[in-house]
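Asker: Structure in structure tokens, see below.
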Amino acid sequence: MNAGPVLDIRDLSVAYRTPGGDVKAVSNVSLALQPGEIVGLVGESGSGKSTLAYGACRLLRAPAVITGGSVRYQGRRTSGPADILQMGQEDLRKLRWREIAIVFQSAMNALNPVLNVRDQILDGIHAHLRISRAEAEAKVESLLDLVGIPRSRLRAYPHELSGGMRQRIMIAMALAADPEIVIMDEPTTALDVVVQRDILGQILELKEGLGFAILFITHDLSLLLELADRIAVMYAGQLMELGTSAEIQHEPAHPYTTGLLNSFPSLHGPRRELAGIPGTPPDLRRPPPGCPFLPRCTFGTDACKEVDMQLVHVETSPDLAHVTACPFVLPGGEPAGPAATRKQAADTPALREGSSA
Amino acid sequence: MYFLLRRLGFYAVAAWVALTINFFLPRAMPGNAVQSIMSKFPNLQPSAYHALEAMLGVGHPGSLWHQYVAYLGDVFTLNFGTDLAQYPAKVSTLLGQTIPWTLTLVGTATVIAFFVGTGLGIVAGWRHGGGLDRVLPGLMFFQAVPYFFLALILIELLAARAHIFPLGQGYDGGLIPGWNSAFIGSAIYHSILPAFTIVITTTAGWMLQMRNVMITTVGEDYVVAAQAKGLSSRRVVYTYAARNALLPQLQGFGLALGFVVSGAIVMEIVFSYPGIGLLLVGAVTSNDYPLMQAIFLVITFAVLLANLFVDFIIVAFDPRARTRGAA
Amino acid sequence: MTAAPQIVVDPAALADEPQVRKLGQWSRLPVKAKAGAILLGLFVLAGVIGPMVAPYSPDYQSTNPALALHAPDGQFLLGTTQSGQDVLSQLLTGIRMTLELALLVGVIATVLSVVVGVTSAFLGGLRDEAMSLISNVFLVIPQLPLLILLLGYLPQKGQTATILVLSLLGWAWGARVIRAQTLAIRSRDFVAAARETGESTWRIIAVEIVPNQVSLIAASFVNTVLYAIGTSVALAFLGLADLSSWSLGTMLYWSQSAQALQLGAWWWFVPPGLAVALMGTGLVLLNTGIDEFGNPRLRDAARAVRIGGRRQYPADPTPVWQPGAQPRSGLGRLVHSFSRASLADHGTAAGGRTS
């Protein structure tokens with residue numbers, strides 16, 4: 001069993017090349033995914049979270065370009081780390097689905113309208129596993145059982161199924177080749193709350209049983225607080241904060257995270273005033289110097305324009321892996337100490353091993 | 001199946017409209033048509049005059065409704081009356097002689113053009129921005145050039161000057177039509193140039209259309225998902241992209257059938273090909289109304305049938321159409 | 001012309017695009033549209049000033065028999081016809097006539113299709129069904145045979161008759177597309193909002209709905225003009241037009257019946273045909289340009305994307321472009337350790353199974 005992260009994104013930058021200039025959708029993001037871990041990626045629309053995930057798999061189409069960084073993958077079946085950004089087409093094809101699978105946001109759009117459920121799942125199986133037809137069919141049926149879809153729906157077409165069922169099919173399909181990592185791109189956003197709950201529960205069960213890691217992308221932080229082991233907060237294409245869900249929830253070390261937390265009501269605890277985050281994200285064609293959140297930040301000062309956006313360890317946290325991009329504000333809103341006492345967490349080996357969560 | 005029944009009903013309505021137009025047109029004509037026709041064909045028997053009068057609604061026999069019903073009855077028994085110009089040949093005989101020619105030539109050429117154009121369109125759409133896109137303006141030119149213009153130039157170059165192909169006609173004049181190899185060989189030889197011109201001019205249109213549909217389809221989420229699944233390029237292109245792009249393309253084919261017929265008519269004029277189009281234009285120039293009407297009906301019904309056939313194919317290919325009710 | 005009607009812009013794709021742009025944004029139109037417009041502009045110019053600058057009147061017949069079927073020279077820039085008429089003058093007159101006819105048909109048919117399409121979508125219910133049925137019937141009945149039949153019955157087959165008859169059959173396609181688009185727009189929120197604030201239906205149609213369909217209406221108009229040119233030329237060629245008038249189609253008819261090509265007098269046959277082809281090409285270019293303008297996917301496709309000098313296709317994985325970066329050795333291979341793969345793992349084949 002290999003030690004070390006199954007997916008190691010380092011300094012990844014992705015831009016969209018337009019006639020009007022490069023849109024820097026993702027800038028220098030580093031994120032590591034440990035085997036069997038659930039990492040949540042949260043941010044508002046346009047924050048670059050989907051671009052990060054798809055870019056790491058090189059699924060983005062022109063005019064997207066990866067302008068820097070590396071994405072190393074090492075799973076149980078591989079004998080050493082491989083940089084996805086350097087892979088040839090055939091290796092990428094083998095990597096896809098077998099190692100990294102994706103559950104897309106809108107199942108209605110991500111399922112082929114002219115193929116039935118069985119054929120679409122079989123596609124994923126046959127492309128990667130050399131097994132007999134009978135075994136493949138048996139596997140499809142067991143996958144459907146796994147996600148709670150009656151076998152009678154095997155030959156159904158996507159338009160004949162309800163939204164919740166379609167999403168489950170997507171999950172079943174993603175698990176068809178026994179992947180190491182499943183990237184879930186807002187899998188429950190289009191569903192109503194009850195179905196959402198159901199599916200999330202199912203996802204957790206499956207993960208416990210099969211042992212894959214999950215990169216869960218969503219704009220709904222409240223979801224992640226319950227589901228994820230660690231949470232990464234993105235804004236304007238950059239990482240703002242990274243920590244365990246408990247740390248994020250109780251000791252948010254970035255004003256943006258605090259803003260997000262204050263944006264949804266909780267069922268428990270005293271009533272508090274619901275606040276949003278006024279303002280809009282910056283234009284990524286001309287990213288402002290320093291911290292992109294400055295215009296909307298209640299703690300912002302001129303010094304923020306010179307921040308180098310490196311992730312640094314949160315002073316008050318015992319966990320070395322709890323990092324933030326804001327060197328000025330501590331959890332609770334206290335101002336932080338002088339920069340000289342900070343440790344650069346980016347190179348800490350502890351971060352590689354993962355937190356104790 | 002509900003979808004197909006609805007389509008069938010629609011075609012029935014369209015057929016009825018065509019029949020009714022056919023019935024009322026001669027009656028709505030300005031001037032005294034009967035006199036002008038009679039003066040053109042002085043050799044007709046009195047019975048023919050009567051039939052003509054009945055057809056044009058001049059004179060007496062019964063009320064309008066009565067005539068209409070009689071007319072419908074005639075059509076359904078394939079009784080189109082006797083021809084004027086080639087009296088006393090029956091219209092249905094003339095139709096029977098010409099339809100097979102048109103059907104085989106135009107049918108084959110159109111199918112070939114559709115397949116070739118669609119195939120090229122798939123490639124051009126999948127690899128858009130690539131080499132195949134350079135020929136796009138040329139294709140547009142071919143789509144815009146009048147069919148007969150290109151045909152006549154090709155005839156002049158390849159037939160009249162270079163003598164590679166015959167100048168026209170359906171077969172060598174000296175042969176007698178029959179199921180013998182000499183005749184069939186001659187027929188095939190005479191059909192190559194006309195078929196070739198049809199294919200050249202229409203392939204461009206199919207290709208442009210399919211390319212556009214493919215480009216839109218390739219941008220769909222399920223194609224990206226197919227790539228994310230690590231499927232082979234071939235499978236992504238054919239089973240995910242092309243199969244979905246084929247549906248609007250087939251619908252376009254159905255709608256274009258009327259234009260295919262137009263092309264066929266013009267082609268037969270240019271090549272003096274003994275098909276139904278040549279017969280129609282000849283009928284018009286000689287004011288042979290019974291023949292004109294009959295040909296119009298036959299062509300219309302053929303197109304409606306072909307449309308129904310395309311609908312069947314669409315239902316076979318699109319699972320959504322089977323449950324959808326709307327046309 | 002046997003051109004199948006172009007699949008006009010997909011209404012569903014258009015419904016998401018904000019359409020209310022001023023059309024005066026010339027620079028934003030794709031290259032194809034500009035090329036088409038310029039090509040057409042040339043012909044329109046020829047049509048407008050042509051007959052005025054034509055050296056001869058088109059039916060001027062010189063009495064000198066030696067000038068019949070004369071090859072192009074200084075006196076007759078495009079040669080002469082069988083009766084000694086100047087081909088160039090005829091051509092210029094013909095361009096004007098054909099354009100006039102086509103534009104008129106285009107305007108009439110487009111107006112009809114907008115009226116029918118929008119009304120039908122707004123009325124809904126049985127009236128909508130009835131109107132849709134009518135336009136579908138007109139679409140499915142083959143056009144040329146019906147036109148031949150109609151013109152065959154009319155005693156005089158003049159310009160007016162042709163215009164009427166073509167307009168009668170040419171509105172159906174546009175009506176169908178516009179109806180689909182209107183339905184899509186109508187269900188959108190801003191129309192509901194306008195309704196809530198009490199805007200009258202007419203105002204809604206005029207201010208909210210129609211301006212958002214400009215691209216579609218323009219494409220429909222261009223399509224109709226294309227159809228009108230092609231069909232009128234084909235009809236004239238078949239002899240079903242006013243043969244004493246000078247349109248491009250009648251030129252082709254006369255040159256063909258005089259066997260111009262066979263006699264080697266290509267200057268009589270080729271110019272009118274080429275004129276029709278080029279006008280048609282201009283229209284198709286314009287149409288494609290409008291399509292691209294309205295459909296962002298086509299627009300992106302038209303612009304080939306080059307990254308690092310290599311053209312990118314949709315099938316390609318996201319390119320990695322790091323100028324000056326050194327390739328890191330050994331980290332680009334995905335090696336599966338087969339010996340470690342257990343039976344429960346089903347085994348991974350190097351090639352996978354492609355179906």
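Here's how to read the names in the structure tokens: chain A, B, ... by the order shown, residue numbers from 1 in each chain, ligand numbers from 1 in the order shown.
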I'd like the contact shell of Gly174 in chain B - 12 Å cut-off, only C-alpha atoms, skipping same-chain residues fewer than 6 positions apart - returned as a PyMOL selection string.

Answerer: chain B and resi 182-183+186

Asker: Put those residues in a file: all heavy atoms, as a PDB file, in the first residue's frame.

Answerer:
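Output below, filename out.pdb:
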ATOM      1  N   ALA B 182     -28.003  -6.086 -72.345  1.00  0.00           N
ATOM      2  CA  ALA B 182     -27.629  -4.954 -73.204  1.00  0.00           C
ATOM      3  C   ALA B 182     -28.387  -3.705 -72.782  1.00  0.00           C
ATOM      4  O   ALA B 182     -27.815  -2.628 -72.641  1.00  0.00           O
ATOM      5  CB  ALA B 182     -27.921  -5.289 -74.663  1.00  0.00           C
ATOM      6  N   PHE B 183     -29.667  -3.881 -72.548  1.00  0.00           N
ATOM      7  CA  PHE B 183     -30.480  -2.735 -72.195  1.00  0.00           C
ATOM      8  C   PHE B 183     -30.092  -2.200 -70.819  1.00  0.00           C
ATOM      9  O   PHE B 183     -29.924  -1.000 -70.628  1.00  0.00           O
ATOM     10  CB  PHE B 183     -31.964  -3.127 -72.211  1.00  0.00           C
ATOM     11  CG  PHE B 183     -32.845  -2.025 -71.746  1.00  0.00           C
ATOM     12  CD1 PHE B 183     -33.040  -0.895 -72.542  1.00  0.00           C
ATOM     13  CD2 PHE B 183     -33.462  -2.083 -70.508  1.00  0.00           C
ATOM     14  CE1 PHE B 183     -33.842   0.129 -72.116  1.00  0.00           C
ATOM     15  CE2 PHE B 183     -34.274  -1.051 -70.078  1.00  0.00           C
ATOM     16  CZ  PHE B 183     -34.460   0.054 -70.881  1.00  0.00           C
ATOM     17  N   SER B 186     -26.844  -0.438 -70.910  1.00  0.00           N
ATOM     18  CA  SER B 186     -26.973   0.889 -71.500  1.00  0.00           C
ATOM     19  C   SER B 186     -27.644   1.854 -70.535  1.00  0.00           C
ATOM     20  O   SER B 186     -27.250   3.019 -70.428  1.00  0.00           O
ATOM     21  CB  SER B 186     -27.798   0.786 -72.787  1.00  0.00           C
ATOM     22  OG  SER B 186     -28.059   2.060 -73.293  1.00  0.00           O
TER      23      SER B 186
END

Asker: Counting only C-alpha atoms, which residues from chain A have an atom at most 8 Å from any atom of chain B, and could you show them as an MDAnalysis selection string?

Answerer: chainID A and resid 59 92:97 101:102 104 109:114 123:124 127:128 157 159

Asker: Can you pull out the residues contacting His254 in chain A? Cut-off 7 Å, using only C-alpha atoms, and skip same-chain residues under 5 positions away; I want them as a PyMOL selection string.

Answerer: chain A and resi 240-241+324+326+329

Asker: Hey, can you check how far CA of Thr119 in chain C sits from CA of Thr288 in chain C?

Answerer: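 Computing the Euclidean distance for CA of Thr119 in chain C and CA of Thr288 in chain C yields 27.3 Å.
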
Asker: For a quick test of understanding: name the residues of chain A lying within 10 Å of chain C when counting only C-alpha atoms, and present them as a ChimeraX atom specification.

Answerer: /A:13-14,17-18,54-70,72-95,98,122-131,135,177-178

Asker: Return as a count of residues only the full set of residues in range 7-249 of chain A whose backbone-based DSSP assignment is helix (DSSP H, G or I).

Answerer: 97

Asker: Considering only C-alpha atoms, state which residue in the set A:Ile100, A:Phe328, A:Leu284, A:Arg168 is at the smallest distance from Ala303 in chain A.

Answerer: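 For Ala303 in chain A, the nearest of the given residues is A:Phe328.
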
Asker: Using only C-alpha atoms, which of the listed residues (C:Gly249, C:Gly152, C:Pro272, C:Pro211) sits closest to chain B?

Answerer: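 Residue with the minimum atom-to-atom distance to chain B: C:Gly152.
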
Asker: Looking at only C-alpha atoms, which of B:Gly129, B:Gly277, B:Gly119, B:Pro137 is the one that sits closest to Leu286 in chain C?

Answerer: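 Closest residue, counting only C-alpha atoms: B:Pro137.
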